[in-house]
$ cat my_file_16.tsv   # TSV, C-alpha atoms (C1' of nucleotides)
chain	number	residue	atom	x	y	z
A	18	MET	CA	24.10	-13.83	17.27
A	19	MET	CA	21.02	-15.68	16.16
A	20	GLN	CA	20.59	-19.13	14.74
A	21	THR	CA	18.42	-18.86	11.71
A	22	GLU	CA	18.31	-22.63	11.46
A	23	LYS	CA	16.41	-22.88	14.73
A	24	LEU	CA	13.88	-20.29	13.64
A	25	LEU	CA	13.06	-22.16	10.47
A	26	GLN	CA	13.06	-25.52	12.18
A	27	ASN	CA	10.56	-24.35	14.78
A	28	VAL	CA	7.96	-23.59	12.16
A	29	ARG	CA	8.79	-26.55	9.91
A	30	LEU	CA	10.12	-24.62	6.98
A	31	SER	CA	12.94	-25.98	4.83
A	32	GLN	CA	16.37	-24.48	5.29
A	33	THR	CA	16.92	-22.87	1.93
A	34	ASN	CA	19.66	-20.44	1.04
A	35	MET	CA	17.30	-17.58	0.38
A	36	ARG	CA	15.52	-17.94	3.69
A	37	LYS	CA	18.77	-18.06	5.61
A	38	GLU	CA	20.01	-15.00	3.75
A	39	ILE	CA	16.80	-13.07	4.39
A	40	LEU	CA	17.01	-13.73	8.11
A	41	ASP	CA	20.69	-12.82	8.22
A	42	ILE	CA	20.07	-9.58	6.35
A	43	LEU	CA	17.31	-8.55	8.72
A	44	ASP	CA	19.33	-9.62	11.71
A	45	ASP	CA	22.18	-7.39	10.59
A	46	SER	CA	20.00	-4.38	9.89
A	47	SER	CA	19.11	-1.82	12.51
A	48	LEU	CA	16.27	-0.64	10.29
A	49	ALA	CA	13.13	-2.21	8.92
A	50	LEU	CA	13.72	-3.16	5.28
A	51	SER	CA	11.42	-3.26	2.29
A	52	MET	CA	11.17	-6.22	-0.06
A	53	ASN	CA	13.31	-4.39	-2.54
A	54	GLU	CA	15.94	-3.40	0.00
A	55	ILE	CA	16.16	-7.04	0.99
A	56	LYS	CA	16.40	-8.08	-2.63
A	57	LEU	CA	19.32	-5.73	-3.24
A	58	ARG	CA	21.22	-7.27	-0.34
A	59	LEU	CA	20.75	-10.88	-1.39
A	60	LYS	CA	23.96	-12.43	-2.63
A	61	SER	CA	22.56	-14.32	-5.60
A	62	ASN	CA	20.02	-13.23	-8.16
A	63	TYR	CA	16.92	-14.82	-6.80
A	64	ASN	CA	13.55	-14.66	-8.43
A	65	ARG	CA	11.25	-11.94	-7.15
A	66	VAL	CA	8.30	-14.30	-6.81
A	67	THR	CA	10.30	-16.56	-4.56
A	68	LEU	CA	11.30	-13.63	-2.41
A	69	TYR	CA	7.68	-12.51	-2.24
A	70	ARG	CA	6.58	-15.99	-1.25
A	71	ASN	CA	9.25	-16.34	1.38
A	72	LEU	CA	8.52	-12.99	2.97
A	73	LYS	CA	4.88	-13.98	3.00
A	74	VAL	CA	5.36	-17.36	4.60
A	75	LEU	CA	7.88	-16.06	7.13
A	76	THR	CA	5.43	-13.35	8.11
A	77	GLU	CA	2.56	-15.82	8.36
A	78	LYS	CA	4.61	-18.08	10.57
A	79	GLY	CA	5.39	-15.15	12.84
A	80	ILE	CA	9.12	-15.06	12.21
A	81	LEU	CA	8.97	-11.71	10.48
A	82	HIS	CA	6.78	-8.76	11.23
A	83	GLN	CA	5.44	-6.62	8.43
A	84	ILE	CA	4.94	-2.91	8.96
A	85	HIS	CA	2.49	-1.20	6.63
A	86	ILE	CA	4.12	2.15	6.09
A	87	ASP	CA	1.98	3.38	3.26
A	88	ARG	CA	0.48	2.18	0.05
A	89	GLN	CA	3.79	1.90	-1.75
A	90	ASP	CA	5.92	0.85	1.11
A	91	SER	CA	5.88	-1.97	3.55
A	92	LYS	CA	8.83	-3.04	5.64
A	93	TYR	CA	9.91	-6.20	7.39
A	94	VAL	CA	11.61	-6.64	10.73
A	95	LEU	CA	12.84	-9.55	12.80
A	96	PRO	CA	11.02	-8.96	16.06
A	97	LEU	CA	13.07	-11.57	17.89
A	98	LYS	CA	15.95	-9.24	17.35
A	99	THR	CA	14.46	-5.91	18.27
A	100	ASP	CA	12.37	-7.02	21.20
A	101	LYS	CA	14.30	-8.12	24.24
A	102	ALA	CA	12.64	-11.25	25.44
A	103	GLY	CA	11.45	-12.93	22.29
A	104	GLU	CA	8.02	-11.44	22.65
A	105	HIS	CA	6.87	-11.48	19.05
A	106	ASP	CA	4.08	-9.02	18.85
A	107	GLN	CA	5.04	-6.41	21.35
A	108	GLU	CA	3.06	-3.40	20.36
A	109	HIS	CA	5.27	-0.50	19.58
A	110	LEU	CA	5.37	2.46	17.27
A	111	HIS	CA	7.27	2.80	14.03
A	112	PHE	CA	8.72	5.98	12.69
A	113	LYS	CA	9.20	6.76	9.02
A	114	CYS	CA	11.36	9.70	8.04
A	115	LEU	CA	9.75	11.44	5.08
A	116	MET	CA	13.11	12.72	3.86
A	117	CYS	CA	15.38	9.67	3.93
A	118	ASN	CA	12.53	7.12	4.03
A	119	GLU	CA	14.19	5.15	6.78
A	120	VAL	CA	11.94	3.28	9.16
A	121	LYS	CA	12.87	2.72	12.79
A	122	CYS	CA	11.17	0.77	15.52
A	123	LEU	CA	10.43	2.96	18.51
A	124	THR	CA	10.58	0.04	20.85
A	125	ASP	CA	10.52	2.16	23.98
A	126	GLN	CA	7.24	3.76	22.91
A	127	HIS	CA	4.43	1.39	23.73
A	128	PRO	CA	1.02	2.78	22.98
A	129	GLU	CA	-1.40	2.74	25.84
A	130	GLN	CA	-3.76	-0.19	25.78
A	131	VAL	CA	-6.23	0.22	22.95
A	132	VAL	CA	-9.84	0.21	24.04
A	133	LEU	CA	-12.21	-0.98	21.35
A	134	PRO	CA	-15.99	-0.58	21.31
A	135	GLU	CA	-18.07	-3.30	22.99
A	136	GLY	CA	-17.95	-6.54	21.01
A	137	TYR	CA	-14.85	-5.72	18.99
A	138	GLU	CA	-11.82	-7.97	19.15
A	139	LYS	CA	-8.26	-6.78	18.59
A	140	ILE	CA	-5.89	-9.08	16.72
A	141	GLU	CA	-3.01	-6.86	15.68
A	142	VAL	CA	-1.97	-3.24	15.48
A	143	ASN	CA	0.06	-1.12	13.08
A	144	PHE	CA	1.10	2.28	14.40
A	145	VAL	CA	3.25	4.50	12.20
A	146	VAL	CA	4.43	8.04	12.86
A	147	TYR	CA	5.68	10.06	9.90
A	148	GLY	CA	8.11	12.90	10.30
A	149	ILE	CA	11.73	13.99	10.06
A	150	CYS	CA	14.50	12.11	11.80
A	151	ARG	CA	17.36	13.74	13.66
A	152	THR	CA	19.93	13.05	10.96
A	153	CYS	CA	17.85	14.69	8.23
A	154	LYS	CA	16.94	17.57	10.50
A	155	ASN	CA	20.59	18.36	11.07
A	156	LYS	CA	21.26	18.48	7.35
A	157	ASN	CA	19.26	21.69	6.99
B	20	MET	CA	-25.52	18.51	4.88
B	21	MET	CA	-22.22	19.76	3.54
B	22	GLN	CA	-21.43	22.11	0.76
B	23	THR	CA	-18.86	20.49	-1.40
B	24	GLU	CA	-18.58	23.67	-3.43
B	25	LYS	CA	-17.18	25.57	-0.47
B	26	LEU	CA	-14.62	22.88	0.23
B	27	LEU	CA	-13.28	22.98	-3.29
B	28	GLN	CA	-13.40	26.74	-3.47
B	29	ASN	CA	-11.36	27.11	-0.30
B	30	VAL	CA	-8.44	25.26	-1.81
B	31	ARG	CA	-8.81	26.71	-5.31
B	32	LEU	CA	-9.78	23.54	-7.09
B	33	SER	CA	-12.19	23.56	-10.00
B	34	GLN	CA	-15.70	22.34	-9.36
B	35	THR	CA	-15.81	19.26	-11.52
B	36	ASN	CA	-18.48	16.61	-11.49
B	37	MET	CA	-16.17	13.89	-10.35
B	38	ARG	CA	-14.87	15.90	-7.42
B	39	LYS	CA	-18.35	16.80	-6.27
B	40	GLU	CA	-19.43	13.18	-6.56
B	41	ILE	CA	-16.41	11.93	-4.62
B	42	LEU	CA	-17.12	14.32	-1.77
B	43	ASP	CA	-20.80	13.43	-1.74
B	44	ILE	CA	-20.04	9.72	-1.68
B	45	LEU	CA	-17.68	10.09	1.25
B	46	ASP	CA	-20.08	12.40	3.03
B	47	ASP	CA	-22.81	9.79	2.74
B	48	SER	CA	-20.63	6.92	3.92
B	49	SER	CA	-20.21	6.01	7.54
B	50	LEU	CA	-17.11	4.01	6.63
B	51	ALA	CA	-13.76	4.84	5.11
B	52	LEU	CA	-13.79	3.86	1.44
B	53	SER	CA	-11.09	2.57	-0.87
B	54	MET	CA	-10.42	4.01	-4.31
B	55	ASN	CA	-12.25	1.12	-5.84
B	56	GLU	CA	-15.24	1.41	-3.55
B	57	ILE	CA	-15.49	5.05	-4.51
B	58	LYS	CA	-15.17	4.18	-8.17
B	59	LEU	CA	-18.05	1.71	-7.95
B	60	ARG	CA	-20.29	4.40	-6.48
B	61	LEU	CA	-19.56	7.05	-9.08
B	62	LYS	CA	-22.51	7.66	-11.37
B	63	SER	CA	-20.62	7.92	-14.65
B	64	ASN	CA	-17.77	5.82	-15.96
B	65	TYR	CA	-14.83	7.99	-15.12
B	66	ASN	CA	-11.27	7.19	-15.98
B	67	ARG	CA	-9.28	5.54	-13.23
B	68	VAL	CA	-6.32	7.89	-13.66
B	69	THR	CA	-8.56	10.86	-13.11
B	70	LEU	CA	-9.96	9.32	-9.97
B	71	TYR	CA	-6.45	8.58	-8.78
B	72	ARG	CA	-5.38	12.14	-9.44
B	73	ASN	CA	-8.39	13.62	-7.74
B	74	LEU	CA	-7.99	11.51	-4.63
B	75	LYS	CA	-4.38	12.53	-4.57
B	76	VAL	CA	-4.97	16.25	-4.91
B	77	LEU	CA	-7.88	16.24	-2.45
B	78	THR	CA	-5.69	14.46	0.05
B	79	GLU	CA	-2.80	16.86	-0.53
B	80	LYS	CA	-5.08	19.82	-0.01
B	81	GLY	CA	-6.27	18.35	3.25
B	82	ILE	CA	-9.88	17.81	2.24
B	83	LEU	CA	-9.58	14.03	2.41
B	84	HIS	CA	-7.61	11.93	4.78
B	85	GLN	CA	-5.95	8.75	3.58
B	86	ILE	CA	-5.63	5.79	5.91
B	87	HIS	CA	-2.94	3.26	5.07
B	88	ILE	CA	-4.56	0.00	6.02
B	89	ASP	CA	-2.08	-2.34	4.44
B	90	ARG	CA	-0.14	-2.82	1.28
B	91	GLN	CA	-3.17	-3.59	-0.83
B	92	ASP	CA	-5.63	-1.36	0.86
B	93	SER	CA	-5.84	2.30	1.59
B	94	LYS	CA	-9.02	4.13	2.46
B	95	TYR	CA	-10.24	7.68	2.29
B	96	VAL	CA	-12.38	9.65	4.71
B	97	LEU	CA	-13.80	13.13	4.90
B	98	PRO	CA	-12.49	14.28	8.24
B	99	LEU	CA	-14.71	17.35	8.28
B	100	LYS	CA	-17.53	14.92	8.56
B	101	THR	CA	-16.27	12.51	11.17
B	102	ASP	CA	-14.58	14.99	13.45
B	103	LYS	CA	-16.90	17.29	15.27
B	104	ALA	CA	-15.36	20.70	15.04
B	105	GLY	CA	-13.70	20.76	11.66
B	106	GLU	CA	-10.37	19.75	13.13
B	107	HIS	CA	-8.73	18.12	10.15
B	108	ASP	CA	-5.97	16.02	11.54
B	109	GLN	CA	-7.28	14.93	14.85
B	110	GLU	CA	-5.28	11.92	15.72
B	111	HIS	CA	-7.45	8.92	16.20
B	112	LEU	CA	-7.34	5.19	15.64
B	113	HIS	CA	-8.80	3.25	12.77
B	114	PHE	CA	-10.17	-0.23	12.99
B	115	LYS	CA	-10.16	-2.73	10.14
B	116	CYS	CA	-12.26	-5.85	10.44
B	117	LEU	CA	-10.34	-8.76	8.98
B	118	MET	CA	-13.55	-10.61	8.11
B	119	CYS	CA	-15.69	-8.00	6.38
B	120	ASN	CA	-12.79	-5.62	5.59
B	121	GLU	CA	-14.75	-2.61	6.75
B	122	VAL	CA	-12.77	0.28	8.18
B	123	LYS	CA	-14.18	2.50	10.90
B	124	CYS	CA	-12.79	5.61	12.53
B	125	LEU	CA	-12.54	5.18	16.27
B	126	THR	CA	-12.90	8.88	16.87
B	127	ASP	CA	-13.32	8.56	20.59
B	128	GLN	CA	-9.98	6.77	20.88
B	129	HIS	CA	-7.23	9.34	20.79
B	130	PRO	CA	-3.79	7.86	21.30
B	131	GLU	CA	-1.76	9.40	24.04
B	132	GLN	CA	0.67	12.00	22.86
B	133	VAL	CA	3.48	10.33	20.96
B	134	VAL	CA	6.92	10.99	22.38
B	135	LEU	CA	9.67	10.81	19.79
B	136	PRO	CA	13.41	10.56	20.46
B	137	GLU	CA	15.34	13.81	20.84
B	138	GLY	CA	15.61	15.67	17.55
B	139	TYR	CA	12.77	13.86	15.79
B	140	GLU	CA	9.81	15.79	14.43
B	141	LYS	CA	6.33	14.36	14.06
B	142	ILE	CA	4.32	15.36	11.01
B	143	GLU	CA	1.52	12.84	10.81
B	144	VAL	CA	0.38	9.56	12.27
B	145	ASN	CA	-1.41	6.46	10.99
B	146	PHE	CA	-2.73	4.11	13.64
B	147	VAL	CA	-4.62	1.02	12.57
B	148	VAL	CA	-6.01	-1.78	14.72
B	149	TYR	CA	-6.90	-5.04	12.99
B	150	GLY	CA	-9.47	-7.42	14.40
B	151	ILE	CA	-13.06	-8.60	14.25
B	152	CYS	CA	-15.97	-6.21	14.46
B	153	ARG	CA	-19.11	-6.83	16.50
B	154	THR	CA	-21.26	-7.64	13.49
B	155	CYS	CA	-18.91	-10.33	12.22
B	156	LYS	CA	-18.41	-11.70	15.70
B	157	ASN	CA	-22.14	-12.24	16.11
B	158	LYS	CA	-22.32	-14.21	12.89
B	159	ASN	CA	-20.38	-17.10	14.40
C	13	DC	C1'	20.50	-43.48	-1.43
C	14	DT	C1'	15.79	-43.33	-2.85
C	15	DA	C1'	11.12	-41.65	-2.26
C	16	DT	C1'	8.47	-37.91	-0.93
C	17	DT	C1'	7.67	-33.20	0.12
C	18	DT	C1'	8.83	-28.57	-0.36
C	19	DT	C1'	10.67	-24.85	-2.80
C	20	DT	C1'	12.17	-22.42	-6.85
C	21	DG	C1'	12.00	-20.06	-11.31
C	22	DC	C1'	9.33	-18.87	-15.08
C	23	DA	C1'	5.37	-17.31	-17.60
C	24	DA	C1'	1.45	-14.86	-17.15
C	25	DC	C1'	-2.09	-11.86	-15.63
C	26	DA	C1'	-4.28	-8.20	-12.43
C	27	DC	C1'	-4.20	-3.97	-10.13
C	28	DT	C1'	-2.44	0.34	-8.64
C	29	DG	C1'	0.83	4.11	-9.21
C	30	DT	C1'	2.56	7.34	-12.32
C	31	DT	C1'	3.72	10.40	-16.39
C	32	DG	C1'	3.05	12.98	-20.82
C	33	DC	C1'	0.10	14.86	-23.94
C	34	DA	C1'	-3.81	16.46	-26.58
C	35	DA	C1'	-8.72	17.24	-26.11
C	36	DA	C1'	-12.36	18.82	-23.16
C	37	DT	C1'	-14.01	21.51	-19.48
C	38	DA	C1'	-13.98	25.18	-16.06
C	39	DT	C1'	-12.68	29.74	-14.74
C	40	DT	C1'	-11.32	34.42	-15.60
C	41	DT	C1'	-11.19	38.42	-18.28
C	42	DT	C1'	-12.93	41.65	-21.34
D	4	DA	C1'	-21.80	36.32	-23.08
D	5	DA	C1'	-17.76	35.31	-25.80
D	6	DA	C1'	-12.90	34.94	-25.91
D	7	DA	C1'	-8.68	33.97	-23.54
D	8	DT	C1'	-6.50	31.40	-20.08
D	9	DA	C1'	-5.97	27.81	-16.76
D	10	DT	C1'	-7.29	23.47	-15.15
D	11	DT	C1'	-8.83	18.92	-15.70
D	12	DT	C1'	-9.82	14.78	-18.20
D	13	DG	C1'	-9.09	10.55	-20.89
D	14	DC	C1'	-5.94	7.78	-23.16
D	15	DA	C1'	-1.71	5.36	-23.99
D	16	DA	C1'	1.98	3.53	-21.84
D	17	DC	C1'	5.19	1.82	-18.58
D	18	DA	C1'	6.79	0.30	-13.70
D	19	DG	C1'	6.25	-2.21	-9.56
D	20	DT	C1'	4.02	-5.44	-6.68
D	21	DG	C1'	0.62	-9.11	-5.79
D	22	DT	C1'	-0.70	-13.56	-7.22
D	23	DT	C1'	-1.33	-18.23	-9.43
D	24	DG	C1'	-0.08	-22.63	-11.88
D	25	DC	C1'	3.21	-25.65	-13.21
D	26	DA	C1'	7.39	-28.22	-14.14
D	27	DA	C1'	12.17	-28.52	-12.60
D	28	DA	C1'	15.25	-28.36	-8.72
D	29	DA	C1'	16.34	-28.77	-4.00
D	30	DA	C1'	15.52	-30.25	0.71
D	31	DT	C1'	13.96	-33.61	3.93
D	32	DA	C1'	12.36	-38.17	5.43
D	33	DG	C1'	12.70	-43.02	5.34
$ encode --input "my_file_16.tsv" --output "structure tokens"
Amino acid sequence: MMQTEKLLQNVRLSQTNMRKEILDILDDSSLALSMNEIKLRLKSNYNRVTLYRNLKVLTEKGILHQIHIDRQDSKYVLPLKTDKAGEHDQEHLHFKCLMCNEVKCLTDQHPEQVVLPEGYEKIEVNFVVYGICRTCKNKN
Amino acid sequence: MMQTEKLLQNVRLSQTNMRKEILDILDDSSLALSMNEIKLRLKSNYNRVTLYRNLKVLTEKGILHQIHIDRQDSKYVLPLKTDKAGEHDQEHLHFKCLMCNEVKCLTDQHPEQVVLPEGYEKIEVNFVVYGICRTCKNKN
DNA sequence: CTATTTTTGCAACACTGTTGCAAATATTTT
DNA sequence: AAAATATTTGCAACAGTGTTGCAAAAATAG
């Protein structure tokens, strides 16, 4: 169980219905969800711009994490949920199934420490593996 | 020096001006380029749909490699050029500088072999590190 | 409860992705 | 090399997402 109120309070964002719903939806989901998948699960008919702005601000504040799957597809996750200890930016891989398009966090797969050339500074990483998931594989 | 003709011939694509220009542009560039960056370097005023279709087909045929930087940004490289031995899909990291937006292939950084859960099949990977490059760092 | 701040919905525009189709170009065949 | 065939191009058009400004609505602070 998570308290969405606390999350919003910590970063000084107002407690609006849409924000609480977004966090609940992502908390309930075992998969990373796209903006549109989130939109479909919202109870009321909210405006798409508002959703866009909320996903943006929640990501900027570090509450959500955005995974850049490909040009047409980016997904959001609640890292507080998937990572054990509340470590926001634990580096881990993401897997996208090219058949069912589902995206999973491979939280047990931490990439080795990235070594950048002299003088380069790392801020964030985005590691995606594309392939076929077990469920889709068994369908054939 | 590369022979763009051979590349196109190998995959049975017609030798059109735009295709030859695209390959030359990417061959000349030390950086991964976006669709728009390629468009700006084309000599004639080609149609954007044609460019889109050519980048798509060249990527599908394996001549170009597309790097998914983020939702608004994807870049193309000529892997034959950057990888030594003509190994197309050598897994390596990409680095995007968040100040100058340049994208470099970190060809000497090969990620350790990815281990997927039982029953999952890997097809492709896309690993991007975001940060600040040396040049931008020295400007401050 | 009122004043202030933040958020929402709407209109509007930009850019990229995407398709269908006819005209233009490239390739193959004779 | 010209004709026949196949491929590619440019254009129109539409969809989806990103993005901004602004007034109305909602949330928070006093």
$ residues_near_point --input "my_file_16.tsv" --point "(8.4, -37.1, -4.0)" --cutoff "12 Å" --atoms "only C-alpha atoms (C1' of nucleotides)" --output "VMD selection string"
(chain C and resid 14 to 18) or (chain D and resid 29 to 33)
$ axis_aligned_box --input "my_file_16.tsv" --around "region 25-28 of chain C" --padding-each-side "5 Å" --output "lines of an AutoDock Vina configuration file"
center_x = -3.2
center_y = -5.8
center_z = -12.1
size_x = 12.2
size_y = 22.2
size_z = 17.0
$ calpha_fit_and_write --input "my_file_16.tsv" --fixed "chain A" --moving "chain B" --output "mmCIF file with C-alpha atoms, in the frame of the given file"
data_model
loop_
_atom_site.group_PDB
_atom_site.id
_atom_site.type_symbol
_atom_site.label_atom_id
_atom_site.label_comp_id
_atom_site.auth_asym_id
_atom_site.auth_seq_id
_atom_site.Cartn_x
_atom_site.Cartn_y
_atom_site.Cartn_z
ATOM 1 C CA MET B 20 24.281 -13.844 17.026
ATOM 2 C CA MET B 21 21.147 -15.697 16.031
ATOM 3 C CA GLN B 22 20.649 -19.133 14.681
ATOM 4 C CA THR B 23 18.461 -18.864 11.675
ATOM 5 C CA GLU B 24 18.334 -22.638 11.446
ATOM 6 C CA LYS B 25 16.472 -22.887 14.733
ATOM 7 C CA LEU B 26 13.948 -20.284 13.667
ATOM 8 C CA LEU B 27 13.095 -22.141 10.501
ATOM 9 C CA GLN B 28 13.090 -25.500 12.204
ATOM 10 C CA ASN B 29 10.626 -24.334 14.835
ATOM 11 C CA VAL B 30 8.013 -23.558 12.228
ATOM 12 C CA ARG B 31 8.796 -26.525 9.976
ATOM 13 C CA LEU B 32 10.122 -24.606 7.024
ATOM 14 C CA SER B 33 12.902 -25.971 4.859
ATOM 15 C CA GLN B 34 16.338 -24.481 5.294
ATOM 16 C CA THR B 35 16.860 -22.854 1.941
ATOM 17 C CA ASN B 36 19.604 -20.445 1.035
ATOM 18 C CA MET B 37 17.269 -17.592 0.367
ATOM 19 C CA ARG B 38 15.507 -17.948 3.696
ATOM 20 C CA LYS B 39 18.761 -18.055 5.604
ATOM 21 C CA GLU B 40 20.011 -15.009 3.730
ATOM 22 C CA ILE B 41 16.808 -13.067 4.373
ATOM 23 C CA LEU B 42 17.031 -13.729 8.095
ATOM 24 C CA ASP B 43 20.705 -12.819 8.190
ATOM 25 C CA ILE B 44 20.090 -9.583 6.320
ATOM 26 C CA LEU B 45 17.343 -8.546 8.700
ATOM 27 C CA ASP B 46 19.387 -9.607 11.694
ATOM 28 C CA ASP B 47 22.231 -7.387 10.540
ATOM 29 C CA SER B 48 20.026 -4.380 9.851
ATOM 30 C CA SER B 49 19.156 -1.826 12.465
ATOM 31 C CA LEU B 50 16.289 -0.631 10.276
ATOM 32 C CA ALA B 51 13.145 -2.208 8.914
ATOM 33 C CA LEU B 52 13.711 -3.153 5.279
ATOM 34 C CA SER B 53 11.401 -3.250 2.287
ATOM 35 C CA MET B 54 11.147 -6.212 -0.061
ATOM 36 C CA ASN B 55 13.280 -4.386 -2.543
ATOM 37 C CA GLU B 56 15.918 -3.418 -0.019
ATOM 38 C CA ILE B 57 16.153 -7.051 0.972
ATOM 39 C CA LYS B 58 16.366 -8.098 -2.649
ATOM 40 C CA LEU B 59 19.285 -5.746 -3.274
ATOM 41 C CA ARG B 60 21.197 -7.295 -0.384
ATOM 42 C CA LEU B 61 20.723 -10.902 -1.424
ATOM 43 C CA LYS B 62 23.929 -12.460 -2.692
ATOM 44 C CA SER B 63 22.492 -14.356 -5.648
ATOM 45 C CA ASN B 64 19.931 -13.262 -8.196
ATOM 46 C CA TYR B 65 16.821 -14.835 -6.813
ATOM 47 C CA ASN B 66 13.444 -14.676 -8.434
ATOM 48 C CA ARG B 67 11.167 -11.955 -7.148
ATOM 49 C CA VAL B 68 8.202 -14.309 -6.773
ATOM 50 C CA THR B 69 10.228 -16.553 -4.538
ATOM 51 C CA LEU B 70 11.250 -13.627 -2.396
ATOM 52 C CA TYR B 71 7.643 -12.513 -2.216
ATOM 53 C CA ARG B 72 6.533 -15.972 -1.187
ATOM 54 C CA ASN B 73 9.224 -16.330 1.414
ATOM 55 C CA LEU B 74 8.490 -12.980 3.003
ATOM 56 C CA LYS B 75 4.868 -13.956 3.059
ATOM 57 C CA VAL B 76 5.352 -17.344 4.670
ATOM 58 C CA LEU B 77 7.900 -16.034 7.182
ATOM 59 C CA THR B 78 5.463 -13.329 8.162
ATOM 60 C CA GLU B 79 2.586 -15.798 8.442
ATOM 61 C CA LYS B 80 4.657 -18.047 10.652
ATOM 62 C CA GLY B 81 5.451 -15.130 12.902
ATOM 63 C CA ILE B 82 9.183 -15.037 12.263
ATOM 64 C CA LEU B 83 9.012 -11.671 10.517
ATOM 65 C CA HIS B 84 6.823 -8.744 11.259
ATOM 66 C CA GLN B 85 5.467 -6.617 8.440
ATOM 67 C CA ILE B 86 4.951 -2.907 8.952
ATOM 68 C CA HIS B 87 2.501 -1.203 6.621
ATOM 69 C CA ILE B 88 4.104 2.155 6.064
ATOM 70 C CA ASP B 89 1.955 3.338 3.217
ATOM 71 C CA ARG B 90 0.482 2.143 -0.005
ATOM 72 C CA GLN B 91 3.797 1.878 -1.782
ATOM 73 C CA ASP B 92 5.916 0.844 1.102
ATOM 74 C CA SER B 93 5.881 -1.979 3.552
ATOM 75 C CA LYS B 94 8.840 -3.043 5.634
ATOM 76 C CA TYR B 95 9.931 -6.178 7.394
ATOM 77 C CA VAL B 96 11.644 -6.638 10.736
ATOM 78 C CA LEU B 97 12.887 -9.530 12.799
ATOM 79 C CA PRO B 98 11.093 -8.936 16.058
ATOM 80 C CA LEU B 99 13.165 -11.518 17.901
ATOM 81 C CA LYS B 100 16.014 -9.173 17.339
ATOM 82 C CA THR B 101 14.508 -5.835 18.233
ATOM 83 C CA ASP B 102 12.428 -6.932 21.179
ATOM 84 C CA LYS B 103 14.388 -7.968 24.191
ATOM 85 C CA ALA B 104 12.761 -11.100 25.451
ATOM 86 C CA GLY B 105 11.573 -12.864 22.343
ATOM 87 C CA GLU B 106 8.117 -11.371 22.657
ATOM 88 C CA HIS B 107 6.961 -11.466 19.068
ATOM 89 C CA ASP B 108 4.123 -9.045 18.857
ATOM 90 C CA GLN B 109 5.014 -6.431 21.353
ATOM 91 C CA GLU B 110 3.035 -3.447 20.353
ATOM 92 C CA HIS B 111 5.236 -0.529 19.595
ATOM 93 C CA LEU B 112 5.350 2.442 17.270
ATOM 94 C CA HIS B 113 7.260 2.772 14.050
ATOM 95 C CA PHE B 114 8.723 5.955 12.723
ATOM 96 C CA LYS B 115 9.198 6.735 9.043
ATOM 97 C CA CYS B 116 11.359 9.667 8.061
ATOM 98 C CA LEU B 117 9.770 11.423 5.115
ATOM 99 C CA MET B 118 13.139 12.712 3.901
ATOM 100 C CA CYS B 119 15.389 9.661 3.983
ATOM 101 C CA ASN B 120 12.531 7.106 4.071
ATOM 102 C CA GLU B 121 14.196 5.117 6.813
ATOM 103 C CA VAL B 122 11.929 3.237 9.188
ATOM 104 C CA LYS B 123 12.869 2.683 12.811
ATOM 105 C CA CYS B 124 11.150 0.728 15.547
ATOM 106 C CA LEU B 125 10.413 2.928 18.522
ATOM 107 C CA THR B 126 10.542 0.012 20.900
ATOM 108 C CA ASP B 127 10.467 2.128 24.004
ATOM 109 C CA GLN B 128 7.191 3.721 22.918
ATOM 110 C CA HIS B 129 4.380 1.349 23.722
ATOM 111 C CA PRO B 130 0.963 2.776 22.964
ATOM 112 C CA GLU B 131 -1.478 2.712 25.799
ATOM 113 C CA GLN B 132 -3.826 -0.210 25.723
ATOM 114 C CA VAL B 133 -6.285 0.222 22.883
ATOM 115 C CA VAL B 134 -9.909 0.232 23.957
ATOM 116 C CA LEU B 135 -12.273 -0.971 21.262
ATOM 117 C CA PRO B 136 -16.057 -0.546 21.203
ATOM 118 C CA GLU B 137 -18.147 -3.253 22.857
ATOM 119 C CA GLY B 138 -18.042 -6.495 20.898
ATOM 120 C CA TYR B 139 -14.921 -5.689 18.886
ATOM 121 C CA GLU B 140 -11.882 -7.941 19.067
ATOM 122 C CA LYS B 141 -8.330 -6.764 18.525
ATOM 123 C CA ILE B 142 -5.967 -9.065 16.665
ATOM 124 C CA GLU B 143 -3.068 -6.877 15.643
ATOM 125 C CA VAL B 144 -2.009 -3.267 15.450
ATOM 126 C CA ASN B 145 0.059 -1.137 13.075
ATOM 127 C CA PHE B 146 1.099 2.252 14.387
ATOM 128 C CA VAL B 147 3.237 4.480 12.211
ATOM 129 C CA VAL B 148 4.432 8.018 12.882
ATOM 130 C CA TYR B 149 5.675 10.038 9.918
ATOM 131 C CA GLY B 150 8.122 12.886 10.319
ATOM 132 C CA ILE B 151 11.743 13.956 10.104
ATOM 133 C CA CYS B 152 14.501 12.072 11.855
ATOM 134 C CA ARG B 153 17.358 13.715 13.739
ATOM 135 C CA THR B 154 19.926 13.014 11.046
ATOM 136 C CA CYS B 155 17.877 14.658 8.312
ATOM 137 C CA LYS B 156 16.965 17.541 10.569
ATOM 138 C CA ASN B 157 20.623 18.334 11.169
ATOM 139 C CA LYS B 158 21.315 18.476 7.456
ATOM 140 C CA ASN B 159 19.304 21.671 7.075
#
$ interface_residues --input "my_file_16.tsv" --of "chain D" --to "chain B" --cutoff "12 Å" --atoms "all atoms listed in the file" --output "list in words"
DA9, DT10, DT11, DT12, DG13, DC14, DA15, DT20 and DG21 of chain D
$ interface_residues --input "my_file_16.tsv" --of "chain B" --to "chain A" --cutoff "9 Å" --atoms "all atoms listed in the file" --output "VMD selection string"
chain B and resid 86 to 93 112 114 116 to 117 125 128 130 to 131 133 to 154 156 to 157
$ interface_residues --input "my_file_16.tsv" --of "chain C" --to "chain B" --cutoff "12 Å" --atoms "all atoms listed in the file" --output "NGL selection string"
:C and (27-31 or 37-39)
$ atom_distance --input "my_file_16.tsv" --atom1 "C1' of DC13 (chain C)" --atom2 "CA of Val28 (chain A)"
27.2 Å
